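Take a look at the structure set out below.
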Amino acid sequence: MFDLTGKTALVTGSSRGLGMGIAIALAKAGADIIINYNNSENRAVEVKKQIEETGKKARIIKADVSDEAQVLHMFSQIDKLDILVNNAGTSQDKDIFDIELSDWDRIIKTNLTSGFLCSKAAMKIMREQNHGRIIFISSIVGERGALFGHIHYAATKSGQLGIMKTLARTGAQYNITVNAIAPGIIETELLYETHGKDGVRKLGESILMGLGRVEDIGAAAVYLASDEARYVTGATLDVNGGANIL
């Protein structure tokens with residue numbers, strides 16, 4: 001089950017954090033991986049090594065996926081694409097009183113515009129193949145809002161769900177499924193950067209099953225990318241350790 005042998009996957013923002021975990025999980029399931037990064041070249045090289053150790057092929061493409069010209073250049077280098085994971089994203093620890101318009105625009109472009117641009121380019125390839133899987137990495141905050149601050153981040157994660165459901169309707173006739181994963185509090189570098197050690201500890205204590213791991217999200221991505229999920233589209237898979245039922 002969940003065999004991705006012969007498939008090619010592009011994971012945006014896959015040089016670290018959730019993206020890295022997803023890329024490695026897809027490779028372990030049999031997929032060849034296109035690693036996308038913008039700033040962390042050394043980390044991307046390390047991810048490539050880890051993927052190649054699984055016996056799968058990996059290549060690296062540098063691109064700012066919030067920039068249309070760079071997205072088009074990246075996709076000009078891709079002939080075959082079976083799986084797109086729209087993972088690239090960031091956050092910022094500010095509330096409505098401190099966020100500047102420039103902060104808002106940056107987070108919207110990084111988290112939301114990137115998914116639009118990459119999905120548009122990917123769906124053109126997948127339409128010709130009459131097959132494809134697109135997965136958005138949203139968040140629990142896209143469903144219930146952020147607890148404190150992070151309004152621009154919450155807006156993008158809700159927006160991803162709207163894009164996902166709309167593209168699911170568009171893609172169905174071309175055998176393209178479009179789904180989302182909504183992680184809860186996952187232990188990543190970004191989490192510590194935005195919340196600090198004490199904040200992360202408190203978050204973990206507030207969740208029934210504690211903090212999640214990147215492997216939990218990778219496993220969900222493997223399922224949605226697989227043939228076993230052929231009849232799943234327009235869905236959001238919650239992976240949050242019970243946070244939604246508190």
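By convention in this document, the chains of the structure tokens carry letters A, B, ... by their order, each chain's residues are numbered from 1, and ligands are numbered from 1 in the order they are shown.
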
Selection near region 154-158 of chain A, 12 Å with only C-alpha atoms, sequence-local residues under 2 positions removed, as a PyMOL selection string: chain A and resi 86-96+104-116+136-152+160-165+180-183+236

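DSSP on the backbone gives strand (DSSP E or B) for these parts of region 77-172 of chain A: Ile83, Leu84, Val85, Asn86, Gly132, Arg133, Ile134, Ile135, Phe136 and Ile137 of chain A.
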
Give me the residues within 10 Å of Glu189 (chain A) as a PyMOL selection string, counting only C-alpha atoms and dropping any in the same chain fewer than 5 places off. chain A and resi 16-18+194+196

Based on the backbone DSSP call, show me all residues of region 14-240 of chain A assigned helix (DSSP H, G or I), as JSON, numbers by chain. {"A": [17, 18, 19, 20, 21, 22, 23, 24, 25, 26, 27, 28, 41, 42, 43, 44, 45, 46, 47, 48, 49, 50, 51, 52, 53, 68, 69, 70, 71, 72, 73, 74, 75, 101, 102, 103, 104, 105, 106, 107, 108, 109, 110, 111, 112, 113, 114, 115, 116, 117, 118, 119, 120, 121, 122, 123, 124, 125, 126, 127, 128, 129, 141, 142, 143, 144, 151, 152, 153, 154, 155, 156, 157, 158, 159, 160, 161, 162, 163, 164, 165, 166, 167, 168, 169, 170, 171, 172, 173, 174, 189, 190, 191, 192, 193, 194, 195, 196, 197, 198, 199, 200, 201, 202, 203, 204, 205, 214, 215, 216, 217, 218, 219, 220, 221, 222, 223, 224, 225, 227, 228, 229]}

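Here CA of Leu81 (chain A) and CA of Val11 (chain A) stand 10.9 Å from one another.
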
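Comparing A:Arg133, A:Lys57, A:Lys62, A:His195 by their smallest distance to Glu228 (chain A), the closest is A:Arg133 (using only C-alpha atoms).
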
Excluding Ile134 (chain A) and residues on its chain fewer than 5 positions from it, collect all residues at most 10 Å away from it, counting only C-alpha atoms, and give them as a list in words.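 Neighbouring residues, sequence-local ones excluded: Ala9, Leu10, Asp82, Ile83, Leu84, Val85, Asn86, Gly115, Cys118, Ser119, Ala122, Met123, Met126, Met164, Leu167, Ala168, Gly171, Ile176, Thr177, Val178, Asn179, Ala180, Ala221, Leu224, Ala225 and Thr233 of chain A.
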
Keeping N, CA and C atoms for every residue in the selection just given, could you write it to a file as an mmCIF file, in the first residue's frame?
data_model
loop_
_atom_site.group_PDB
_atom_site.id
_atom_site.type_symbol
_atom_site.label_atom_id
_atom_site.label_comp_id
_atom_site.auth_asym_id
_atom_site.auth_seq_id
_atom_site.Cartn_x
_atom_site.Cartn_y
_atom_site.Cartn_z
ATOM 1 N N ALA A 9 7.705 14.018 -7.340
ATOM 2 C CA ALA A 9 7.047 14.972 -6.450
ATOM 3 C C ALA A 9 7.889 16.231 -6.300
ATOM 4 N N LEU A 10 7.218 17.374 -6.339
ATOM 5 C CA LEU A 10 7.833 18.657 -6.017
ATOM 6 C C LEU A 10 7.291 19.106 -4.671
ATOM 7 N N ASP A 82 3.967 14.393 -10.860
ATOM 8 C CA ASP A 82 2.797 13.654 -10.389
ATOM 9 C C ASP A 82 2.218 14.222 -9.103
ATOM 10 N N ILE A 83 3.095 14.813 -8.287
ATOM 11 C CA ILE A 83 2.694 15.273 -6.959
ATOM 12 C C ILE A 83 3.271 16.660 -6.706
ATOM 13 N N LEU A 84 2.429 17.584 -6.307
ATOM 14 C CA LEU A 84 2.882 18.899 -5.855
ATOM 15 C C LEU A 84 2.448 19.070 -4.414
ATOM 16 N N VAL A 85 3.401 19.396 -3.546
ATOM 17 C CA VAL A 85 3.080 19.726 -2.165
ATOM 18 C C VAL A 85 3.392 21.200 -1.952
ATOM 19 N N ASN A 86 2.338 21.980 -1.783
ATOM 20 C CA ASN A 86 2.492 23.419 -1.527
ATOM 21 C C ASN A 86 2.766 23.617 -0.041
ATOM 22 N N GLY A 115 1.173 29.160 -3.435
ATOM 23 C CA GLY A 115 0.344 28.001 -3.746
ATOM 24 C C GLY A 115 -0.467 28.181 -5.011
ATOM 25 N N CYS A 118 2.186 27.955 -8.040
ATOM 26 C CA CYS A 118 2.690 26.604 -8.276
ATOM 27 C C CYS A 118 1.582 25.661 -8.723
ATOM 28 N N SER A 119 0.391 25.816 -8.164
ATOM 29 C CA SER A 119 -0.723 24.959 -8.569
ATOM 30 C C SER A 119 -1.116 25.209 -10.018
ATOM 31 N N ALA A 122 1.551 23.552 -12.128
ATOM 32 C CA ALA A 122 1.499 22.097 -12.003
ATOM 33 C C ALA A 122 0.283 21.510 -12.696
ATOM 34 N N MET A 123 -0.861 22.180 -12.585
ATOM 35 C CA MET A 123 -2.084 21.636 -13.168
ATOM 36 C C MET A 123 -2.019 21.587 -14.693
ATOM 37 N N MET A 126 -0.207 18.337 -15.207
ATOM 38 C CA MET A 126 -1.051 17.214 -14.793
ATOM 39 C C MET A 126 -2.258 17.024 -15.699
ATOM 40 N N MET A 164 -7.893 25.231 -2.277
ATOM 41 C CA MET A 164 -7.891 23.781 -2.413
ATOM 42 C C MET A 164 -9.249 23.254 -2.861
ATOM 43 N N LEU A 167 -9.940 24.271 -6.534
ATOM 44 C CA LEU A 167 -9.131 23.515 -7.490
ATOM 45 C C LEU A 167 -9.549 22.050 -7.548
ATOM 46 N N ALA A 168 -10.085 21.526 -6.449
ATOM 47 C CA ALA A 168 -10.582 20.148 -6.477
ATOM 48 C C ALA A 168 -11.706 20.000 -7.496
ATOM 49 N N GLY A 171 -9.984 20.246 -10.976
ATOM 50 C CA GLY A 171 -9.096 19.146 -11.333
ATOM 51 C C GLY A 171 -9.761 17.802 -11.511
ATOM 52 N N ILE A 176 -7.146 14.845 -11.354
ATOM 53 C CA ILE A 176 -6.250 15.528 -10.427
ATOM 54 C C ILE A 176 -6.992 15.709 -9.105
ATOM 55 N N THR A 177 -6.452 15.158 -8.042
ATOM 56 C CA THR A 177 -7.044 15.390 -6.729
ATOM 57 C C THR A 177 -6.313 16.537 -6.048
ATOM 58 N N VAL A 178 -7.056 17.311 -5.284
ATOM 59 C CA VAL A 178 -6.490 18.458 -4.565
ATOM 60 C C VAL A 178 -7.012 18.412 -3.139
ATOM 61 N N ASN A 179 -6.105 18.292 -2.190
ATOM 62 C CA ASN A 179 -6.458 18.168 -0.788
ATOM 63 C C ASN A 179 -5.543 19.021 0.072
ATOM 64 N N ALA A 180 -5.833 19.050 1.355
ATOM 65 C CA ALA A 180 -5.003 19.797 2.294
ATOM 66 C C ALA A 180 -4.745 18.967 3.535
ATOM 67 N N ALA A 221 0.882 13.022 4.013
ATOM 68 C CA ALA A 221 1.151 13.406 2.622
ATOM 69 C C ALA A 221 1.307 12.180 1.732
ATOM 70 N N LEU A 224 -2.214 10.886 0.900
ATOM 71 C CA LEU A 224 -2.955 11.702 -0.063
ATOM 72 C C LEU A 224 -2.337 11.649 -1.458
ATOM 73 N N ALA A 225 -1.038 11.360 -1.531
ATOM 74 C CA ALA A 225 -0.362 11.271 -2.824
ATOM 75 C C ALA A 225 -0.531 9.907 -3.481
ATOM 76 N N THR A 233 -10.843 13.985 -2.606
ATOM 77 C CA THR A 233 -10.477 15.291 -3.142
ATOM 78 C C THR A 233 -11.345 16.361 -2.486
#

When distances are computed from only C-alpha atoms, which of A:Ile185, A:Gln77, A:Ala31, A:Arg43 shows the smallest separation from Ser14 (chain A)? A:Arg43
